[in-house]
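Structure file entry_0.cif (mmCIF, C-alpha atoms) follows.
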```
data_target
#
loop_
_atom_site.label_atom_id
_atom_site.label_comp_id
_atom_site.auth_asym_id
_atom_site.auth_seq_id
_atom_site.Cartn_x
_atom_site.Cartn_y
_atom_site.Cartn_z
CA MET K 26 30.48 9.48 -9.62
CA PRO K 27 30.09 7.17 -6.60
CA ALA K 28 32.18 4.02 -6.51
CA ALA K 29 30.46 0.79 -7.48
CA PRO K 30 29.08 -0.91 -4.35
CA THR K 31 30.80 -4.05 -3.11
CA ALA K 32 27.84 -5.04 -0.91
CA LEU K 33 24.21 -4.04 -0.53
CA PRO K 34 23.28 -2.03 2.55
CA ALA K 35 21.48 -3.48 5.55
CA ALA K 36 17.94 -2.40 6.26
CA ARG K 37 17.66 0.40 8.82
CA THR K 38 14.12 -0.55 9.84
CA PRO K 39 13.78 -0.34 13.65
CA ASP K 40 12.63 -3.38 15.60
CA PRO K 41 8.79 -3.24 15.51
CA MET K 42 8.75 -4.43 19.13
CA ASP K 43 10.40 -1.16 20.14
CA ALA K 44 7.60 1.03 18.72
CA PRO K 45 5.54 2.80 21.41
CA ALA K 46 2.36 0.87 22.16
CA LEU K 47 -0.81 2.63 21.00
CA ARG K 48 -4.46 1.63 21.27
CA TRP K 49 -5.89 0.67 17.89
CA GLY K 50 -9.40 0.48 16.56
CA VAL K 51 -10.21 -1.37 13.34
CA MET K 52 -12.95 -0.38 10.90
CA GLY K 53 -13.81 -3.41 8.78
CA THR K 54 -13.55 -7.13 9.42
CA GLY K 55 -12.54 -8.56 6.04
CA TRP K 56 -9.54 -10.41 4.62
CA ILE K 57 -6.94 -7.68 5.07
CA ALA K 58 -8.15 -6.76 8.57
CA GLU K 59 -7.66 -10.38 9.67
CA ARG K 60 -4.08 -10.46 8.41
CA PHE K 61 -3.18 -7.02 9.72
CA VAL K 62 -4.38 -7.77 13.24
CA ARG K 63 -2.66 -11.16 13.35
CA SER K 64 0.65 -9.73 12.16
CA VAL K 65 0.57 -6.72 14.48
CA GLN K 66 -0.37 -8.81 17.52
CA LYS K 67 2.42 -11.28 16.77
CA HIS K 68 5.28 -8.86 16.07
CA THR K 69 4.60 -5.64 18.00
CA ARG K 70 3.40 -4.30 21.35
CA GLN K 71 0.46 -2.47 19.76
CA ARG K 72 -2.93 -3.11 21.40
CA PHE K 73 -6.24 -3.59 19.63
CA THR K 74 -9.00 -2.25 21.80
CA ALA K 75 -11.98 -2.02 19.45
CA VAL K 76 -13.34 -3.21 16.11
CA ALA K 77 -16.38 -2.02 14.17
CA SER K 78 -18.48 -3.32 11.33
CA ARG K 79 -21.85 -2.28 9.91
CA ASP K 80 -22.85 -5.78 11.03
CA ALA K 81 -22.57 -5.87 14.83
CA ALA K 82 -22.45 -9.68 14.86
CA ARG K 83 -19.44 -9.69 12.54
CA ALA K 84 -17.65 -7.18 14.74
CA GLU K 85 -18.38 -9.26 17.84
CA ASP K 86 -17.14 -12.44 16.16
CA PHE K 87 -13.95 -10.72 14.95
CA ALA K 88 -13.31 -9.28 18.41
CA GLY K 89 -13.78 -12.66 20.04
CA ARG K 90 -11.39 -14.43 17.69
CA HIS K 91 -8.66 -11.84 18.15
CA GLY K 92 -9.05 -11.04 21.84
CA ILE K 93 -10.25 -7.48 21.24
CA PRO K 94 -12.30 -6.15 24.18
CA GLY K 95 -14.60 -3.73 22.31
CA SER K 96 -16.88 -4.33 19.32
CA TYR K 97 -19.29 -1.92 17.68
CA GLY K 98 -22.03 -2.06 15.08
CA SER K 99 -21.22 1.40 13.74
CA TYR K 100 -18.07 3.22 12.73
CA GLU K 101 -19.22 6.34 14.55
CA ASP K 102 -19.33 4.46 17.84
CA LEU K 103 -15.78 3.23 17.38
CA ALA K 104 -14.55 6.76 16.58
CA ALA K 105 -16.14 7.95 19.83
CA ALA K 106 -14.67 5.16 21.96
CA PRO K 107 -12.42 6.63 24.69
CA ASP K 108 -9.81 3.86 24.46
CA VAL K 109 -8.80 4.32 20.79
CA ASP K 110 -5.75 6.37 19.73
CA VAL K 111 -5.53 5.41 16.07
CA VAL K 112 -7.91 3.78 13.60
CA TYR K 113 -6.92 1.31 10.91
CA ILE K 114 -9.47 1.62 8.10
CA ALA K 115 -9.81 -1.75 6.38
CA THR K 116 -13.18 -1.30 4.71
CA GLY K 117 -13.78 -1.64 0.98
CA HIS K 118 -12.42 0.99 -1.39
CA THR K 119 -15.74 2.79 -1.74
CA ALA K 120 -15.97 3.40 2.03
CA HIS K 121 -12.46 4.75 2.67
CA LEU K 122 -13.39 8.43 2.38
CA ALA K 123 -16.46 8.18 4.58
CA CYS K 124 -14.66 6.17 7.25
CA ALA K 125 -11.66 8.52 7.20
CA ARG K 126 -14.01 11.46 7.80
CA ILE K 127 -15.69 9.69 10.69
CA ALA K 128 -12.40 8.81 12.37
CA LEU K 129 -10.74 12.19 11.84
CA GLU K 130 -13.80 14.14 12.94
CA GLY K 131 -13.82 11.90 16.00
CA GLY K 132 -10.29 13.06 16.78
CA ARG K 133 -8.51 9.82 15.84
CA HIS K 134 -5.29 9.35 13.90
CA ILE K 135 -5.77 7.12 10.86
CA LEU K 136 -4.04 4.49 8.75
CA VAL K 137 -6.14 3.90 5.61
CA GLU K 138 -5.80 0.72 3.59
CA LYS K 139 -4.53 1.27 0.06
CA PRO K 140 -5.52 2.97 -2.07
CA ILE K 141 -6.32 5.75 0.37
CA GLY K 142 -9.23 6.88 -1.83
CA LEU K 143 -10.99 6.00 -5.07
CA ASP K 144 -9.22 8.87 -6.83
CA ALA K 145 -6.80 11.72 -6.28
CA ALA K 146 -9.56 14.11 -5.20
CA GLN K 147 -10.60 11.79 -2.38
CA ALA K 148 -6.99 11.30 -1.30
CA ALA K 149 -6.41 15.05 -1.21
CA GLU K 150 -9.62 15.58 0.77
CA ILE K 151 -8.55 13.05 3.40
CA ALA K 152 -5.07 14.61 3.64
CA GLU K 153 -6.53 18.10 4.00
CA LEU K 154 -8.98 17.04 6.69
CA ALA K 155 -6.21 15.34 8.66
CA ALA K 156 -4.10 18.50 8.45
CA GLU K 157 -7.03 20.66 9.60
CA GLN K 158 -7.61 18.35 12.56
CA GLY K 159 -3.90 18.17 13.41
CA LEU K 160 -3.96 14.37 13.19
CA PHE K 161 -1.70 11.72 11.71
CA CYS K 162 -2.75 10.18 8.41
CA ALA K 163 -1.09 7.60 6.18
CA GLU K 164 -1.94 5.19 3.40
CA ALA K 165 -1.42 1.56 4.39
CA LEU K 166 0.60 0.68 1.31
CA TRP K 167 2.64 -1.84 3.27
CA THR K 168 5.31 -2.30 0.60
CA PHE K 169 7.06 0.98 1.41
CA PHE K 170 7.44 0.05 5.09
CA LEU K 171 9.20 -3.28 4.47
CA PRO K 172 12.92 -3.66 5.28
CA LYS K 173 13.52 -4.65 1.64
CA PHE K 174 12.25 -1.29 0.49
CA ASP K 175 14.52 0.53 2.90
CA VAL K 176 17.41 -1.22 1.17
CA ILE K 177 16.04 -0.06 -2.21
CA ARG K 178 15.70 3.46 -0.78
CA GLN K 179 19.38 3.47 0.18
CA ILE K 180 20.47 2.11 -3.20
CA LEU K 181 18.51 4.82 -5.02
CA ASP K 182 19.83 7.56 -2.74
CA SER K 183 23.42 6.38 -3.21
CA GLY K 184 23.31 6.77 -6.98
CA ALA K 185 24.59 3.21 -7.41
CA LEU K 186 22.22 2.60 -10.33
CA GLY K 187 23.38 5.69 -12.21
CA GLU K 188 20.80 7.59 -14.25
CA ILE K 189 17.56 5.63 -14.14
CA HIS K 190 15.77 5.39 -17.46
CA THR K 191 13.43 2.44 -17.01
CA VAL K 192 11.03 0.88 -14.51
CA LEU K 193 9.24 -2.36 -15.42
CA ALA K 194 6.56 -3.79 -13.13
CA ASP K 195 3.80 -6.36 -13.43
CA LEU K 196 1.16 -7.70 -11.08
CA GLY K 197 -1.44 -10.22 -12.17
CA GLU K 198 -3.59 -12.57 -10.16
CA HIS K 199 -6.46 -14.89 -11.03
CA PHE K 200 -9.67 -14.50 -9.02
CA THR K 201 -12.70 -16.75 -8.69
CA ALA K 202 -16.13 -15.52 -9.70
CA GLU K 203 -17.37 -14.64 -6.20
CA HIS K 204 -14.48 -12.33 -5.31
CA ARG K 205 -15.33 -8.68 -4.62
CA ILE K 206 -12.74 -7.57 -7.21
CA LEU K 207 -15.23 -8.63 -9.89
CA ARG K 208 -18.05 -6.44 -8.53
CA PRO K 209 -18.51 -3.11 -10.35
CA GLU K 210 -20.35 -1.52 -7.42
CA LEU K 211 -17.25 -2.06 -5.25
CA ALA K 212 -14.86 -0.34 -7.70
CA GLY K 213 -13.69 -3.73 -8.93
CA GLY K 214 -11.06 -4.53 -11.51
CA PRO K 215 -7.31 -4.89 -11.04
CA LEU K 216 -6.28 -1.23 -10.97
CA LEU K 217 -6.97 -0.30 -7.33
CA ASP K 218 -6.17 -3.66 -5.73
CA LEU K 219 -3.19 -4.70 -7.87
CA GLY K 220 -2.22 -1.82 -10.12
CA THR K 221 -1.51 0.42 -7.14
CA TYR K 222 1.75 -1.47 -6.60
CA PRO K 223 3.31 -1.06 -10.08
CA VAL K 224 2.12 2.55 -10.38
CA SER K 225 3.36 3.55 -6.93
CA LEU K 226 6.75 1.95 -7.60
CA ALA K 227 7.11 3.86 -10.87
CA THR K 228 6.10 7.22 -9.42
CA TRP K 229 8.34 6.69 -6.37
CA VAL K 230 11.40 5.97 -8.50
CA LEU K 231 10.81 8.27 -11.48
CA GLY K 232 8.54 10.96 -10.06
CA ALA K 233 5.21 12.12 -11.43
CA PRO K 234 4.97 11.34 -15.15
CA GLU K 235 4.54 13.97 -17.81
CA GLU K 236 2.51 11.73 -20.09
CA ALA K 237 0.68 8.40 -19.92
CA LEU K 238 -0.41 5.92 -22.57
CA ALA K 239 -2.70 3.06 -21.59
CA SER K 240 -4.87 0.30 -22.98
CA GLY K 241 -7.38 -1.90 -21.18
CA GLN K 242 -9.46 -5.00 -21.76
CA PRO K 243 -12.88 -5.58 -20.18
CA HIS K 244 -13.83 -8.56 -18.04
CA PRO K 245 -17.14 -10.39 -18.56
CA ALA K 246 -18.15 -9.48 -15.00
CA GLY K 247 -18.45 -5.84 -16.03
CA VAL K 248 -15.17 -4.53 -14.64
CA ASN K 249 -11.83 -3.85 -16.29
CA GLY K 250 -9.95 -7.11 -16.72
CA GLN K 251 -6.43 -5.95 -17.45
CA THR K 252 -4.55 -2.73 -18.14
CA SER K 253 -1.14 -1.90 -19.57
CA ALA K 254 0.42 1.56 -19.32
CA ILE K 255 3.52 3.44 -20.36
CA LEU K 256 4.45 6.46 -18.26
CA ARG K 257 6.91 9.02 -19.59
CA GLY K 258 8.77 10.73 -16.80
CA PRO K 259 11.11 13.70 -16.60
CA GLN K 260 14.07 13.59 -19.00
CA GLY K 261 12.29 10.92 -21.04
CA SER K 262 12.43 8.07 -18.53
CA GLN K 263 9.78 5.41 -19.01
CA ALA K 264 7.80 3.00 -16.87
CA VAL K 265 6.13 0.02 -18.51
CA LEU K 266 3.42 -1.36 -16.24
CA HIS K 267 0.84 -4.15 -16.40
CA THR K 268 -1.90 -5.50 -14.17
CA THR K 269 -4.50 -8.20 -14.78
CA LEU K 270 -7.04 -10.34 -12.97
CA PHE K 271 -7.30 -12.88 -15.78
CA SER K 272 -4.09 -14.74 -14.91
CA ASP K 273 -1.28 -15.26 -12.43
CA THR K 274 1.75 -13.41 -13.81
CA PRO K 275 5.41 -13.28 -12.67
CA THR K 276 4.77 -10.15 -10.55
CA THR K 277 8.34 -8.97 -10.91
CA ALA K 278 9.85 -5.50 -11.13
CA THR K 279 13.02 -3.99 -12.55
CA ILE K 280 14.68 -0.62 -11.93
CA ALA K 281 17.29 -0.11 -14.66
CA GLY K 282 19.99 2.55 -14.61
CA THR K 283 23.09 3.38 -16.60
CA ARG K 284 25.42 1.82 -14.02
CA ALA K 285 23.41 -1.12 -12.70
CA THR K 286 20.04 -2.83 -12.76
CA LEU K 287 18.04 -3.74 -9.66
CA SER K 288 15.80 -6.80 -10.04
CA LEU K 289 12.92 -7.55 -7.68
CA PRO K 290 11.79 -11.18 -8.07
CA GLY K 291 8.09 -11.85 -7.67
CA PRO K 292 6.12 -10.94 -5.75
CA PHE K 293 8.10 -7.69 -5.92
CA TYR K 294 5.84 -5.81 -3.51
CA GLN K 295 6.23 -8.37 -0.69
CA PRO K 296 9.22 -9.33 1.49
CA GLY K 297 11.89 -11.16 -0.46
CA ASP K 298 15.11 -10.79 -2.41
CA LEU K 299 16.83 -8.05 -4.40
CA VAL K 300 19.53 -8.56 -7.02
CA LEU K 301 21.83 -5.78 -8.25
CA THR K 302 23.62 -6.49 -11.52
CA PRO K 303 26.32 -4.07 -12.78
CA SER K 304 25.87 -2.83 -16.33
CA GLY K 305 27.98 -4.81 -18.77
CA GLY K 306 28.35 -7.72 -16.36
CA GLY K 307 30.25 -8.20 -13.14
CA PRO K 308 29.46 -9.90 -9.83
CA GLN K 309 25.86 -9.67 -8.72
CA LEU K 310 24.96 -8.43 -5.25
CA THR K 311 21.99 -9.99 -3.48
CA TYR K 312 19.89 -8.95 -0.51
CA THR K 313 17.84 -11.74 1.03
CA GLU K 314 15.03 -11.75 3.58
CA PRO K 315 12.36 -14.32 4.45
CA ARG K 316 9.33 -14.42 2.16
CA SER K 317 6.88 -13.80 4.98
CA ALA K 318 4.12 -12.38 2.76
CA HIS K 319 1.33 -10.66 4.71
CA ASP K 320 2.85 -11.61 8.03
CA ALA K 321 4.94 -8.48 7.41
CA LEU K 322 2.00 -6.06 7.65
CA HIS K 323 3.15 -5.11 11.14
CA PHE K 324 5.96 -2.91 9.80
CA GLU K 325 3.48 -0.24 8.75
CA ALA K 326 1.77 -0.28 12.16
CA ALA K 327 5.09 0.14 13.97
CA GLU K 328 6.00 3.09 11.73
CA VAL K 329 2.63 4.73 12.44
CA ALA K 330 3.15 4.33 16.19
CA ARG K 331 6.64 5.82 16.01
CA CYS K 332 5.46 8.79 13.98
CA ILE K 333 2.49 9.54 16.24
CA ALA K 334 4.67 9.30 19.36
CA ALA K 335 7.12 11.72 17.72
CA GLY K 336 4.36 14.22 16.95
CA LEU K 337 4.52 13.73 13.17
CA ARG K 338 1.41 14.10 11.02
CA GLU K 339 2.58 11.82 8.21
CA THR K 340 5.35 9.32 7.54
CA PRO K 341 8.37 10.12 5.38
CA LEU K 342 8.27 6.52 4.12
CA ARG K 343 5.00 7.14 2.26
CA PRO K 344 4.19 10.88 2.27
CA LEU K 345 0.58 11.75 1.55
CA GLU K 346 1.62 13.66 -1.57
CA ASP K 347 3.03 10.39 -2.94
CA SER K 348 -0.36 8.76 -2.35
CA VAL K 349 -2.09 11.61 -4.21
CA VAL K 350 0.37 11.38 -7.13
CA THR K 351 -0.18 7.63 -7.47
CA LEU K 352 -3.94 8.10 -7.63
CA ARG K 353 -3.60 11.00 -10.05
CA VAL K 354 -1.75 8.67 -12.42
CA MET K 355 -4.36 5.95 -11.96
CA ASP K 356 -7.08 8.54 -12.66
CA GLU K 357 -5.39 9.27 -16.00
CA ILE K 358 -5.05 5.56 -16.79
CA ARG K 359 -8.75 5.10 -16.08
CA ARG K 360 -9.59 8.04 -18.33
CA LEU K 361 -7.51 6.64 -21.18
CA CYS K 362 -9.08 3.20 -20.80
CA ALA K 363 -12.62 4.51 -20.23
CA ILE K 364 -12.78 2.78 -16.84
CA THR K 365 -15.46 4.20 -14.55
CA PHE K 366 -16.38 3.39 -10.96
CA GLU K 367 -19.95 3.36 -9.72
CA GLN K 368 -20.33 6.00 -7.02
#
```

Represent the structure of the file as structure tokens.
Amino acid sequence: MPAAPTALPAARTPDPMDAPALRWGVMGTGWIAERFVRSVQKHTRQRFTAVASRDAARAEDFAGRHGIPGSYGSYEDLAAAPDVDVVYIATGHTAHLACARIALEGGRHILVEKPIGLDAAQAAEIAELAAEQGLFCAEALWTFFLPKFDVIRQILDSGALGEIHTVLADLGEHFTAEHRILRPELAGGPLLDLGTYPVSLATWVLGAPEEALASGQPHPAGVNGQTSAILRGPQGSQAVLHTTLFSDTPTTATIAGTRATLSLPGPFYQPGDLVLTPSGGGPQLTYTEPRSAHDALHFEAAEVARCIAAGLRETPLRPLEDSVVTLRVMDEIRRLCAITFEQ
């Protein structure tokens, strides 16, 4: 049995400024694309050379505001651009598969905004196509690239928590009526946008579950409004998860083991603190980092650049199989709650 830690480890995350500079294209010009580009331009040496939208005027406006030299009115044109090494796919959920195909068939490495597909079948198809093309592919689930999560990774690997029996995670956020998350035709509801975080945390810590129980509540807009799930993992471990778009919730997470409990204050999936509390009491250990929110999106871009420069086809920080497993669990939750997406 390892000795109880007297301090939490430091993050091993390399300086994003040291990542090799690649030429990036962006598919999509929405909310997350804006924040990704701003963060990457501020904190790394990566270069954005092109942006595409189905609306050429939107692409041109986005390019002008961010100093990007190329703008295109079609995703195919961006994938054919000679000055693009890797494509960040920031379109809506329903377009991820099509855009991934376009980029990969155009010979471009890809980073696909989470979730990588609408379901596990789409995620597997994207992964298989990337492997066939010999190109890098990753899901842009930025949480797993944060320094905080490297500290969690080290704590888990060290065995400091003992045998882990429980993961608790919640993510709820209120949205106004015009938000796309309330549109059924865009695969709305909390599961893909918010639920990805609790489910991915649970499957990362406990592994793929052997059984799931779930219950959902509809929203008047015609999408699922909230979902709660219990996942039973190997050796009887359990994850208790919740996501909602009716209300703002604490958005905290807990990883509880026989020797210690790790608490992730809200928002647990963003930069911030960790608190390790020994079982039965004892001095708490705390890891602290600035709560920089989406200004930390650049960590995933730097990891992608490092992996591509090293000749890797996926990142060990978020392997594609992990992305498929997360979506497989969400597929089962949707089945149990009778949640369907318009195709």

Give one line per residue of stretch 159-239 of chain K that approaches stretch 34-42 of chain K to at most 8 Å, naming the two atoms of the closest pair and their distance in Å to one decimal, counting only C-alpha atoms; sort by chain then ascending residue number and deliver it as CSV.
```
residue,atom,partner,partner_atom,distance
K:Leu171,CA,K:Thr38,CA,7.8
K:Pro172,CA,K:Ala36,CA,5.3
K:Lys173,CA,K:Ala36,CA,6.8
K:Asp175,CA,K:Ala36,CA,5.6
K:Val176,CA,K:Ala36,CA,5.3
K:Gln179,CA,K:Pro34,CA,7.1
K:Ile180,CA,K:Pro34,CA,7.6
```

Using all atoms listed in the file, the best pick from K:Arg359, K:Lys67, K:Arg343, K:Arg331 as closest to K:Gly241 would be K:Arg359

Straight-line distance linking atom CA of K:Ile206 with atom CA of K:Arg316, stated in Å to one decimal: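 Rounded to one decimal, the two atoms are 24.9 Å apart.
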
On this structure, the PyMOL selection byres ((chain K and resi 278) around 6) would catch which residues? List them as an NGL selection string, sorted by chain and number. :K and (193-194 or 277 or 279 or 289 or 293)

For the file shown, what are the residues hit by the PyMOL selection byres ((chain K and resi 310) around 9), laid out as a list in words?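 Evaluating the PyMOL selection byres ((chain K and resi 310) around 9) on this file yields Pro30, Thr31, Ala32, Leu33, Leu299, Val300, Leu301, Thr302, Pro303, Pro308, Gln309, Thr311 and Tyr312 of chain K.
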
Residue neighbourhood K:Glu328, 8 Å, all atoms listed in the file, exclusion window fewer than 3 positions, as an MDAnalysis selection string: chainID K and resid 41 44 170 324:325 331:332 340

Resolved residues for the PyMOL selection byres ((chain K and resi 366) around 10) as a count of residues only: 15

List the neighbours of K:Ile151 out to 10 Å using all atoms listed in the file; skip same-chain residues closer than 5 positions along the sequence, and give me the result as a PyMOL selection string. chain K and resi 121-126+129+135+137+141-142+145-146+156-157+162-163+345

Using all atoms listed in the file, can you tell me which of K:Ser262, K:Gln295, K:Thr54, K:Thr276 comes closest to K:Leu231?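 Closest residue, counting all atoms listed in the file: K:Ser262.
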
Enclose all atoms of stretch 333-346 of chain K listed in the file in an axis-aligned box, grow every side by 3 Å, and hand back centre and edge lengths in Å to one decimal, as AutoDock Vina command-line options.
```
--center_x 4.5 --center_y 10.4 --center_z 8.9 --size_x 13.8 --size_y 13.7 --size_z 26.9
```

Nearest to K:Arg133, restricted to only C-alpha atoms and choosing among K:His68, K:Arg48, K:Arg284, K:His118, comes out as K:Arg48

With all atoms listed in the file as the basis for distance, which of K:Thr351, K:Thr191, K:Ser99, K:Gln66 is at the shortest distance from K:Pro223? K:Thr351

Distance atom CA of K:Pro215-atom CA of K:Ala233, one decimal place?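 Distance reported for this atom pair: 21.1 Å.
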
Counting all atoms listed in the file, which residue out of K:Thr228, K:Asn249, K:Thr313, K:Thr74 sits closest to K:Ile280?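 Closest residue, counting all atoms listed in the file: K:Thr228.
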
Using all atoms listed in the file, which of the listed residues (K:Val65, K:Ala82, K:Val230, K:Ala246) sits closest to K:Ile177? K:Val230

Local residues around (-14.5, 9.3, 18.4), at most 10 Å away, using all atoms listed in the file, as a list in words: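 I get Tyr100, Glu101, Asp102, Leu103, Ala104, Ala105, Ala106, Pro107, Asp108, Val109, Asp110, Val112, Ile127, Ala128, Leu129, Glu130, Gly131, Gly132 and Arg133 of chain K for the residues within 10 Å of that point.
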
Saved selection, atoms kept: C-alpha atoms, as a short mmCIF file (atom, residue, chain, number, x, y, z; two decimals), keeping the file's coordinate frame:
```
data_model
loop_
_atom_site.label_atom_id
_atom_site.label_comp_id
_atom_site.auth_asym_id
_atom_site.auth_seq_id
_atom_site.Cartn_x
_atom_site.Cartn_y
_atom_site.Cartn_z
CA TYR K 100 -18.07 3.22 12.73
CA GLU K 101 -19.22 6.34 14.55
CA ASP K 102 -19.33 4.46 17.84
CA LEU K 103 -15.78 3.23 17.38
CA ALA K 104 -14.55 6.76 16.58
CA ALA K 105 -16.14 7.95 19.83
CA ALA K 106 -14.67 5.16 21.96
CA PRO K 107 -12.42 6.63 24.69
CA ASP K 108 -9.81 3.86 24.46
CA VAL K 109 -8.80 4.32 20.79
CA ASP K 110 -5.75 6.37 19.73
CA VAL K 112 -7.91 3.78 13.60
CA ILE K 127 -15.69 9.69 10.69
CA ALA K 128 -12.40 8.81 12.37
CA LEU K 129 -10.74 12.19 11.84
CA GLU K 130 -13.80 14.14 12.94
CA GLY K 131 -13.82 11.90 16.00
CA GLY K 132 -10.29 13.06 16.78
CA ARG K 133 -8.51 9.82 15.84
#
```

Computed interatomic separation between atom CA of K:Ser96 and atom CA of K:Gly117 (Å):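 Between these atoms lies a distance of 18.8 Å.
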
Would you mind listing what lies within 9 Å of K:His190 as number ranges by chain, with only C-alpha atoms counted and same-chain residues fewer than 6 positions away left out? K: 231, 258, 260-264, 280-283

Reconstruct all heavy atoms of stretch 323-330 of chain K; output as a short mmCIF file (atom, residue, chain, number, x, y, z; two decimals), keeping the file's coordinate frame.
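Listed below is the output, result.cif:
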```
data_model
loop_
_atom_site.label_atom_id
_atom_site.label_comp_id
_atom_site.auth_asym_id
_atom_site.auth_seq_id
_atom_site.Cartn_x
_atom_site.Cartn_y
_atom_site.Cartn_z
N HIS K 323 2.91 -5.83 9.88
CA HIS K 323 3.15 -5.11 11.14
C HIS K 323 4.14 -3.96 10.99
O HIS K 323 4.15 -3.04 11.81
CB HIS K 323 3.68 -6.07 12.21
CG HIS K 323 4.97 -6.72 11.84
ND1 HIS K 323 5.04 -7.83 11.03
CD2 HIS K 323 6.26 -6.43 12.17
CE1 HIS K 323 6.31 -8.20 10.88
NE2 HIS K 323 7.07 -7.36 11.55
N PHE K 324 4.98 -3.98 9.95
CA PHE K 324 5.96 -2.91 9.80
C PHE K 324 5.28 -1.55 9.64
O PHE K 324 5.77 -0.53 10.14
CB PHE K 324 6.89 -3.19 8.62
CG PHE K 324 7.89 -4.28 8.89
CD1 PHE K 324 7.76 -5.52 8.29
CD2 PHE K 324 8.96 -4.06 9.76
CE1 PHE K 324 8.68 -6.54 8.54
CE2 PHE K 324 9.89 -5.07 10.01
CZ PHE K 324 9.75 -6.31 9.40
N GLU K 325 4.16 -1.51 8.93
CA GLU K 325 3.48 -0.24 8.75
C GLU K 325 2.85 0.23 10.07
O GLU K 325 2.86 1.44 10.37
CB GLU K 325 2.42 -0.33 7.65
CG GLU K 325 1.31 -1.33 7.90
CD GLU K 325 0.40 -1.51 6.68
OE1 GLU K 325 0.66 -0.86 5.63
OE2 GLU K 325 -0.56 -2.29 6.78
N ALA K 326 2.35 -0.67 10.87
CA ALA K 326 1.77 -0.28 12.16
C ALA K 326 2.83 0.28 13.10
O ALA K 326 2.60 1.27 13.80
CB ALA K 326 1.07 -1.48 12.81
N ALA K 327 4.00 -0.35 13.12
CA ALA K 327 5.09 0.14 13.97
C ALA K 327 5.54 1.53 13.54
O ALA K 327 5.81 2.40 14.38
CB ALA K 327 6.26 -0.84 13.93
N GLU K 328 5.62 1.76 12.23
CA GLU K 328 6.00 3.09 11.73
C GLU K 328 4.97 4.13 12.13
O GLU K 328 5.32 5.25 12.55
CB GLU K 328 6.16 3.05 10.21
CG GLU K 328 6.33 4.41 9.55
CD GLU K 328 7.61 5.13 9.90
OE1 GLU K 328 8.49 4.54 10.57
OE2 GLU K 328 7.76 6.32 9.52
N VAL K 329 3.69 3.80 12.03
CA VAL K 329 2.63 4.73 12.44
C VAL K 329 2.78 5.08 13.92
O VAL K 329 2.70 6.25 14.31
CB VAL K 329 1.25 4.11 12.17
CG1 VAL K 329 0.14 4.93 12.84
CG2 VAL K 329 1.00 4.03 10.66
N ALA K 330 3.01 4.08 14.75
CA ALA K 330 3.15 4.33 16.19
C ALA K 330 4.34 5.22 16.48
O ALA K 330 4.27 6.14 17.32
CB ALA K 330 3.27 3.00 16.94
#
```
